[in-house]
$ cat protein-v1.txt   # compact mmCIF, C-alpha atoms and all ligand atoms
# COMPACT_ATOMS: atom_id res chain seq x y z
CA MET A 1 -64.88 -1.13 -30.99
CA LYS A 2 -65.57 -4.56 -29.61
CA ILE A 3 -64.88 -5.53 -26.04
CA THR A 4 -64.91 -8.97 -24.50
CA VAL A 5 -65.62 -9.61 -20.88
CA ALA A 6 -64.82 -13.03 -19.54
CA THR A 7 -66.52 -14.40 -16.50
CA CYS A 8 -65.82 -17.73 -14.95
CA ALA A 9 -68.49 -20.15 -13.95
CA SER A 10 -69.04 -23.82 -14.30
CA PHE A 11 -69.94 -23.48 -17.97
CA ILE A 12 -70.19 -19.92 -19.22
CA ALA A 13 -66.84 -18.57 -20.28
CA VAL A 14 -66.81 -15.37 -22.27
CA LEU A 15 -69.32 -12.61 -22.65
CA SER A 16 -69.00 -10.32 -25.62
CA ILE A 17 -69.84 -6.73 -24.94
CA THR A 18 -69.55 -3.61 -26.99
CA PRO A 19 -69.20 -0.04 -25.78
CA ARG A 20 -71.87 2.29 -27.07
CA ALA A 21 -72.22 5.98 -26.76
CA TRP A 22 -74.77 6.84 -24.12
CA ALA A 23 -76.38 10.14 -24.96
CA ALA A 24 -77.31 10.91 -21.37
CA ALA A 25 -73.85 10.21 -20.05
CA PRO A 26 -72.76 13.37 -18.24
CA ASP A 27 -69.08 12.66 -17.79
CA TYR A 28 -68.10 9.59 -19.73
CA SER A 29 -68.69 8.53 -23.30
CA ALA A 30 -69.22 4.81 -23.36
CA TYR A 31 -70.45 1.84 -21.43
CA TYR A 32 -70.45 -1.81 -22.24
CA LEU A 33 -73.29 -3.93 -23.50
CA TYR A 34 -73.66 -7.65 -23.22
CA PHE A 35 -74.08 -9.29 -26.61
CA GLY A 36 -73.93 -12.99 -25.89
CA GLU A 37 -72.18 -15.98 -24.47
CA ASP A 38 -68.98 -16.96 -26.25
CA PRO A 39 -67.98 -19.77 -26.24
CA VAL A 40 -71.49 -21.06 -25.76
CA SER A 41 -71.99 -23.54 -22.90
CA ALA A 42 -68.33 -24.51 -23.00
CA ASP A 43 -66.68 -26.45 -20.21
CA PRO A 44 -62.98 -25.84 -20.89
CA ALA A 45 -60.12 -27.35 -18.93
CA TRP A 46 -59.35 -24.01 -17.29
CA GLY A 47 -62.99 -23.62 -16.23
CA GLY A 48 -65.09 -25.24 -13.58
CA LEU A 49 -65.47 -24.30 -9.96
CA ASP A 50 -61.80 -23.46 -9.51
CA THR A 51 -61.59 -20.56 -11.97
CA GLN A 52 -61.04 -17.27 -10.20
CA GLY A 53 -60.23 -14.54 -12.69
CA PHE A 54 -58.84 -13.20 -15.95
CA ALA A 55 -56.23 -10.79 -17.21
CA HIS A 56 -54.45 -10.25 -20.52
CA THR A 57 -51.43 -8.81 -22.24
CA ASP A 58 -51.46 -7.78 -25.90
CA SER A 59 -51.07 -11.41 -26.94
CA HIS A 60 -52.28 -13.76 -24.22
CA TRP A 61 -55.08 -14.52 -21.79
CA PHE A 62 -54.18 -15.31 -18.20
CA ILE A 63 -56.67 -17.34 -16.18
CA THR A 64 -56.26 -18.17 -12.50
CA GLN A 65 -57.50 -21.24 -10.67
CA LYS A 66 -57.58 -21.46 -6.90
CA GLY A 67 -56.36 -25.05 -6.76
CA TYR A 68 -59.11 -26.81 -4.86
CA TRP A 69 -57.12 -29.92 -4.02
CA ALA A 70 -53.91 -28.96 -5.80
CA ALA A 71 -51.65 -25.95 -5.98
CA PRO A 72 -53.16 -22.71 -7.36
CA THR A 73 -52.43 -22.45 -11.07
CA VAL A 74 -52.38 -19.77 -13.74
CA TRP A 75 -52.98 -20.53 -17.43
CA ARG A 76 -51.36 -18.56 -20.27
CA ILE A 77 -53.34 -18.91 -23.52
CA PRO A 78 -52.60 -17.20 -26.86
CA VAL A 79 -55.34 -14.79 -27.92
CA GLU A 80 -55.70 -16.55 -31.27
CA TYR A 81 -56.90 -19.74 -29.56
CA ASP A 82 -60.54 -20.59 -29.00
CA LEU A 83 -60.92 -20.42 -25.22
CA GLY A 84 -63.60 -23.06 -25.35
CA ASP A 85 -61.28 -25.59 -26.98
CA VAL A 86 -58.12 -25.40 -24.89
CA GLN A 87 -56.61 -28.36 -23.05
CA ILE A 88 -53.66 -28.40 -20.67
CA ASN A 89 -51.50 -30.13 -23.30
CA THR A 90 -52.50 -27.80 -26.17
CA ALA A 91 -49.33 -26.60 -27.89
CA GLY A 92 -48.60 -23.00 -27.00
CA VAL A 93 -50.63 -23.13 -23.79
CA THR A 94 -48.57 -22.98 -20.62
CA THR A 95 -49.47 -23.23 -16.97
CA ARG A 96 -47.56 -22.64 -13.80
CA THR A 97 -48.40 -23.34 -10.20
CA ILE A 98 -47.74 -21.25 -7.15
CA PRO A 99 -44.09 -21.36 -6.00
CA SER A 100 -43.63 -24.28 -3.63
CA ASN A 101 -42.39 -22.11 -0.75
CA LEU A 102 -45.57 -19.98 -0.90
CA TYR A 103 -47.73 -23.11 -1.05
CA THR A 104 -45.88 -24.41 2.00
CA GLN A 105 -46.63 -21.10 3.76
CA GLY A 106 -50.34 -21.81 3.28
CA PHE A 107 -51.34 -19.85 0.20
CA ARG A 108 -54.14 -21.79 -1.50
CA TRP A 109 -55.97 -19.25 -3.64
CA PHE A 110 -55.19 -17.19 -6.68
CA GLY A 111 -57.63 -14.30 -7.06
CA ASP A 112 -58.66 -12.09 -10.00
CA PRO A 113 -55.37 -11.00 -11.62
CA CYS A 114 -54.19 -8.02 -13.67
CA THR A 115 -51.22 -7.14 -15.85
CA HIS A 116 -48.99 -4.15 -16.40
CA ARG A 117 -46.27 -3.39 -18.96
CA ILE A 118 -43.24 -1.39 -17.91
CA ASP A 119 -40.14 -0.82 -20.03
CA GLY A 120 -41.45 -3.35 -22.56
CA ILE A 121 -41.78 -6.08 -19.92
CA ASP A 122 -45.21 -7.54 -19.18
CA TYR A 123 -45.89 -8.46 -15.57
CA LEU A 124 -48.76 -10.55 -14.23
CA LEU A 125 -50.03 -9.57 -10.78
CA VAL A 126 -52.03 -12.14 -8.82
CA PRO A 127 -53.71 -11.61 -5.42
CA MET A 128 -52.96 -14.64 -3.25
CA GLY A 129 -54.91 -15.86 -0.25
CA SER A 130 -54.64 -18.48 2.41
CA ASP A 131 -57.23 -20.91 3.78
CA LEU A 132 -58.95 -23.27 1.41
CA PHE A 133 -62.59 -22.42 2.11
CA VAL A 134 -62.60 -18.93 3.63
CA PRO A 135 -59.76 -17.15 1.88
CA GLN A 136 -57.87 -14.41 3.60
CA TRP A 137 -56.10 -12.23 1.07
CA TYR A 138 -52.55 -11.64 2.09
CA ARG A 139 -50.22 -10.92 -0.79
CA LEU A 140 -49.96 -9.64 -4.33
CA ALA A 141 -47.67 -11.98 -6.28
CA VAL A 142 -45.80 -10.81 -9.36
CA PHE A 143 -44.84 -13.08 -12.25
CA ARG A 144 -43.23 -12.35 -15.57
CA ALA A 145 -45.97 -12.65 -18.20
CA ASP A 146 -43.76 -14.30 -20.82
CA ALA A 147 -43.89 -18.03 -21.52
CA GLY A 148 -41.71 -18.88 -18.52
CA MET A 149 -44.02 -17.06 -16.09
CA ALA A 150 -41.17 -16.77 -13.61
CA PHE A 151 -42.14 -15.73 -10.09
CA VAL A 152 -40.63 -12.34 -9.27
CA THR A 153 -41.80 -11.27 -5.82
CA ALA A 154 -44.81 -10.75 -3.55
CA ALA A 155 -45.93 -7.93 -1.27
CA PRO A 156 -48.83 -7.12 1.10
CA PHE A 157 -51.91 -5.83 -0.71
CA GLY A 158 -54.50 -4.91 1.90
CA GLY A 159 -56.53 -8.09 1.63
CA SER A 160 -57.90 -7.44 -1.85
CA PRO A 161 -59.10 -10.46 -3.88
CA TRP A 162 -58.65 -8.53 -7.15
CA CYS A 163 -56.28 -6.04 -8.72
CA SER A 164 -56.40 -3.69 -11.68
CA VAL A 165 -53.85 -1.28 -13.16
CA ASP A 166 -54.80 1.65 -15.36
CA SER A 167 -52.71 3.06 -18.20
CA ASN A 168 -51.00 5.46 -15.81
CA GLY A 169 -49.73 2.60 -13.66
CA LYS A 170 -52.12 3.28 -10.79
CA LEU A 171 -53.05 0.08 -8.94
CA TYR A 172 -56.55 -0.58 -7.55
CA GLY A 173 -57.98 -3.00 -4.98
CA SER A 174 -60.58 -3.22 -2.20
CA ASP A 175 -61.82 -5.22 0.74
CA PRO A 176 -63.34 -8.57 -0.27
CA THR A 177 -66.67 -8.24 1.60
CA ASN A 178 -69.19 -5.49 2.30
CA VAL A 179 -67.37 -3.27 -0.11
CA SER A 180 -68.27 0.41 0.00
CA THR A 181 -64.93 1.82 -1.06
CA TRP A 182 -62.05 0.95 -3.30
CA ARG A 183 -58.40 1.72 -2.75
CA GLU A 184 -55.79 3.32 -4.95
CA TYR A 185 -52.10 2.50 -4.73
CA SER A 186 -48.91 3.81 -6.20
CA VAL A 187 -46.35 1.26 -7.30
CA ASN A 188 -42.65 1.85 -7.82
CA TRP A 189 -42.60 0.07 -11.18
CA GLN A 190 -39.00 1.03 -11.92
CA GLN A 191 -37.92 -0.61 -8.70
CA LEU A 192 -39.75 -3.76 -9.77
CA VAL A 193 -37.90 -3.78 -13.07
CA GLN A 194 -34.52 -2.94 -11.62
CA SER A 195 -34.46 -4.93 -8.38
CA GLY A 196 -37.36 -7.35 -8.59
CA THR A 197 -39.04 -5.98 -5.47
CA LEU A 198 -42.59 -4.67 -5.20
CA ALA A 199 -43.18 -1.43 -3.29
CA VAL A 200 -46.93 -0.74 -2.98
CA GLN A 201 -48.24 2.31 -1.15
CA GLN A 202 -51.89 3.18 -0.65
CA THR A 203 -52.52 6.72 -1.87
CA GLY A 204 -56.27 7.10 -1.54
CA THR A 205 -59.73 5.62 -1.40
CA GLY A 206 -62.89 6.11 -3.40
CA THR A 207 -66.41 5.75 -2.02
CA LEU A 208 -69.12 3.91 -3.95
CA TYR A 209 -72.58 5.45 -4.29
CA ARG A 210 -75.85 4.40 -5.79
CA GLU A 211 -77.23 6.13 -8.87
CA ASP A 212 -78.95 8.74 -6.70
CA GLY A 213 -75.61 9.72 -5.22
CA VAL A 214 -76.88 9.50 -1.66
CA THR A 215 -76.57 6.04 -0.23
CA VAL A 216 -73.24 4.36 0.02
CA GLU A 217 -73.32 1.14 -1.93
CA GLN A 218 -72.41 -2.03 -0.06
CA LEU A 219 -71.32 -4.89 -2.30
CA PRO A 220 -71.75 -8.01 -0.17
CA PHE A 221 -69.17 -10.30 -1.70
CA LEU A 222 -66.96 -8.99 -4.43
CA LYS A 223 -65.90 -11.62 -6.98
CA GLY A 224 -63.67 -9.32 -8.96
CA ALA A 225 -63.31 -5.82 -10.28
CA GLU A 226 -61.49 -3.99 -13.03
CA VAL A 227 -60.81 -0.37 -13.82
CA THR A 228 -60.94 0.54 -17.50
CA SER A 229 -57.55 1.42 -18.93
CA ASP A 230 -58.42 5.12 -18.97
CA GLY A 231 -59.20 4.92 -15.26
CA ARG A 232 -62.72 6.31 -15.75
CA LEU A 233 -64.97 3.33 -14.99
CA LEU A 234 -64.84 0.71 -12.27
CA TYR A 235 -66.52 -2.60 -13.12
CA SER A 236 -67.38 -4.66 -10.06
CA LEU A 237 -68.77 -8.18 -10.19
CA VAL A 238 -71.04 -9.32 -7.41
CA ASP A 239 -74.18 -11.17 -8.46
CA GLN A 240 -74.23 -8.88 -11.48
CA PHE A 241 -71.95 -6.20 -12.83
CA HIS A 242 -72.01 -2.85 -11.05
CA VAL A 243 -70.32 -0.09 -13.06
CA PHE A 244 -69.16 3.04 -11.27
CA ASP A 245 -67.83 6.36 -12.49
CA ALA A 246 -64.38 6.32 -10.94
CA SER A 247 -64.23 10.09 -10.49
CA SER A 248 -67.53 10.49 -8.63
CA GLY A 249 -67.95 6.96 -7.25
CA ARG A 250 -71.52 7.00 -8.48
CA ARG A 251 -72.98 3.88 -10.05
CA VAL A 252 -73.82 4.50 -13.70
CA ARG A 253 -74.91 1.08 -14.89
CA ARG A 254 -75.90 -2.25 -13.44
CA SER A 255 -76.33 -5.43 -15.44
CA VAL A 256 -79.55 -7.37 -15.13
CA GLU A 257 -80.65 -10.91 -15.79
CA GLY A 258 -82.88 -11.81 -18.68
CA SER A 259 -83.42 -8.64 -20.68
CA GLY A 260 -81.99 -5.26 -21.48
CA PRO A 261 -78.86 -4.17 -23.29
CA PHE A 262 -76.48 -4.85 -20.40
CA ARG A 263 -77.31 -8.24 -18.99
CA LEU A 264 -75.51 -11.14 -17.39
CA ASP A 265 -77.40 -14.37 -17.84
CA LEU A 266 -76.01 -17.25 -15.84
CA GLY A 267 -77.52 -20.72 -15.89
CA GLU A 268 -79.18 -22.28 -12.90
CA PHE A 269 -75.97 -23.98 -11.82
CA ASP A 270 -73.50 -21.32 -12.97
CA PHE A 271 -71.99 -18.45 -11.08
CA ALA A 272 -69.43 -15.85 -12.01
CA GLN A 273 -66.14 -15.70 -10.13
CA GLY A 274 -64.09 -13.08 -11.93
CA PHE A 275 -63.77 -11.34 -15.25
CA GLY A 276 -61.57 -9.40 -17.61
CA ILE A 277 -62.14 -6.68 -20.19
CA TRP A 278 -60.29 -6.83 -23.48
CA ASP A 279 -60.87 -5.01 -26.73
CA LEU A 280 -60.34 -7.93 -29.11
CA GLU A 281 -60.83 -5.94 -32.29
CA GLY A 282 -57.58 -5.99 -34.23
CA THR A 283 -56.22 -9.00 -32.35
CA ALA A 284 -55.94 -12.52 -33.73
CA SER A 285 -58.79 -13.71 -31.55
CA PRO A 286 -61.26 -16.07 -33.28
CA HIS A 287 -64.00 -14.19 -31.43
CA PRO A 288 -63.39 -10.49 -32.00
CA GLY A 289 -67.06 -9.62 -32.09
CA CA B 301 -59.14 -9.25 -13.81
$ encode --input "protein-v1.txt" --output "structure tokens"
Amino acid sequence: MKITVATCASFIAVLSITPRAWAAAPDYSAYYLYFGEDPVSADPAWGGLDTQGFAHTDSHWFITQKGYWAAPTVWRIPVEYDLGDVQINTAGVTTRTIPSNLYTQGFRWFGDPCTHRIDGIDYLLVPMGSDLFVPQWYRLAVFRADAGMAFVTAAPFGGSPWCSVDSNGKLYGSDPTNVSTWREYSVNWQQLVQSGTLAVQQTGTGTLYREDGVTVEQLPFLKGAEVTSDGRLLYSLVDQFHVFDASSGRRVRRSVEGSGPFRLDLGEFDFAQGFGIWDLEGTASPHPG
């Protein structure tokens, strides 16, 4: 099975990684290896300093931009397109900006988004923040994930700059700085479908530990995070990836620069802002492996 992780930086766009069985793994069966930069040294229109995060449905990428001098924007790109060769006027690519009333209220940032399908309807969830340079995370916005990307609603989301939903519909988030825990939320998805309102209730927290299980891990500035669809692993992006077992909170893998099977190599002037995990095998992606 092939997995693609996308990070955003000024040039690097997509990292291909593949889960491999790890013989010593006590309570999970796979982790993800970095296999290369793809597209290589691309500088796509959705990239640059404004890119904040990635999500996907079965057929499309969704990429958020904070809107440095303009309104925050989300791109919707078919999976069969080469992400390194997409322009804003490419047929089939659509963008939408933040609703004007939310922009007027001061929301200037889109964070690292996520998606969830309920009753055959795909929804795109986007953390929104105010303040151009020091974002405060105030709301979780919901859009339809079809081509119209209609805005549905927004609700408080505990200040998290990222969101993730597992296959059971459980929603995850955290504080943006000095992260030592993550939060779990229940969502009334049926209410979202039926009345277009978002009811989010925190149901628990998880504590993050180092590999030795003793010291609480503090992640100084979280760029994004994602829980695998089975809810077993939490990928957090700081300077590198930190991968935690979601049941124990213990870190099980950490990416490194330069060498090793799980590495994140960023250029001198590049930095990662967010990411997404997508098993592209069996999709129409030009880069399934
Ligand atoms: Ca994401």
$ residues_around --input "protein-v1.txt" --residues "Val86 in chain A" --least-positions-apart "3" --cutoff "9 Å" --atoms "all atoms listed in the file" --output "VMD selection string"
chain A and resid 44 to 46 77 81 to 83 89 to 90 93
$ axis_aligned_box --input "protein-v1.txt" --around "range 224-238 of chain A" --padding-each-side "3 Å" --output "lines of an AutoDock Vina configuration file"
center_x = -64.3
center_y = -1.5
center_z = -13.2
size_x = 19.5
size_y = 21.6
size_z = 17.6
$ residues_near_ligand --input "protein-v1.txt" --ligand "ligand CA 301 (chain B)" --cutoff "7 Å" --atoms "all atoms listed in the file" --output "PDB file with C-alpha atoms, in the frame of the given file"
ATOM      1  CA  GLY A  53     -60.230 -14.540 -12.690  1.00  0.00           C
ATOM      2  CA  PHE A  54     -58.840 -13.200 -15.950  1.00  0.00           C
ATOM      3  CA  ALA A  55     -56.230 -10.790 -17.210  1.00  0.00           C
ATOM      4  CA  ASP A 112     -58.660 -12.090 -10.000  1.00  0.00           C
ATOM      5  CA  PRO A 113     -55.370 -11.000 -11.620  1.00  0.00           C
ATOM      6  CA  CYS A 114     -54.190  -8.020 -13.670  1.00  0.00           C
ATOM      7  CA  TRP A 162     -58.650  -8.530  -7.150  1.00  0.00           C
ATOM      8  CA  CYS A 163     -56.280  -6.040  -8.720  1.00  0.00           C
ATOM      9  CA  SER A 164     -56.400  -3.690 -11.680  1.00  0.00           C
ATOM     10  CA  GLY A 224     -63.670  -9.320  -8.960  1.00  0.00           C
ATOM     11  CA  ALA A 225     -63.310  -5.820 -10.280  1.00  0.00           C
ATOM     12  CA  GLU A 226     -61.490  -3.990 -13.030  1.00  0.00           C
ATOM     13  CA  GLY A 274     -64.090 -13.080 -11.930  1.00  0.00           C
ATOM     14  CA  PHE A 275     -63.770 -11.340 -15.250  1.00  0.00           C
ATOM     15  CA  GLY A 276     -61.570  -9.400 -17.610  1.00  0.00           C
TER      16      GLY A 276
END
$ closest_atom_pairs --input "protein-v1.txt" --of "range 85-198 of chain A" --to "range 231-250 of chain A" --cutoff "9 Å" --atoms "only C-alpha atoms" --output "tab-separated table"
residue	atom	partner	partner_atom	distance
A:Val165	CA	A:Gly231	CA	8.5
A:Asp166	CA	A:Gly231	CA	5.5
A:Ser167	CA	A:Gly231	CA	7.4
A:Asn168	CA	A:Gly231	CA	8.2
A:Lys170	CA	A:Gly231	CA	8.5
A:Thr181	CA	A:Gly249	CA	8.6
$ residues_around --input "protein-v1.txt" --residues "Pro161 in chain A" --least-positions-apart "6" --cutoff "6 Å" --atoms "only C-alpha atoms" --output "list in words"
Gly111, Pro127 and Pro176 of chain A
$ atom_distance --input "protein-v1.txt" --atom1 "CA of Thr95 in chain A" --atom2 "CA of Ala155 in chain A"
22.2 Å
$ residues_near_point --input "protein-v1.txt" --point "(-47.8, -3.7, -14.3)" --cutoff "7 Å" --atoms "all atoms listed in the file" --output "PyMOL selection string"
chain A and resi 115-118+122-124+165+169
$ residues_around --input "protein-v1.txt" --residues "Ser160 in chain A" --least-positions-apart "5" --cutoff "8 Å" --atoms "only C-alpha atoms" --output "VMD selection string"
chain A and resid 127 137 to 138 173 to 176
$ residues_around --input "protein-v1.txt" --residues "range 194-196 of chain A" --least-positions-apart "2" --cutoff "7 Å" --atoms "all atoms listed in the file" --output "PyMOL selection string"
chain A and resi 152-153+190-192+198
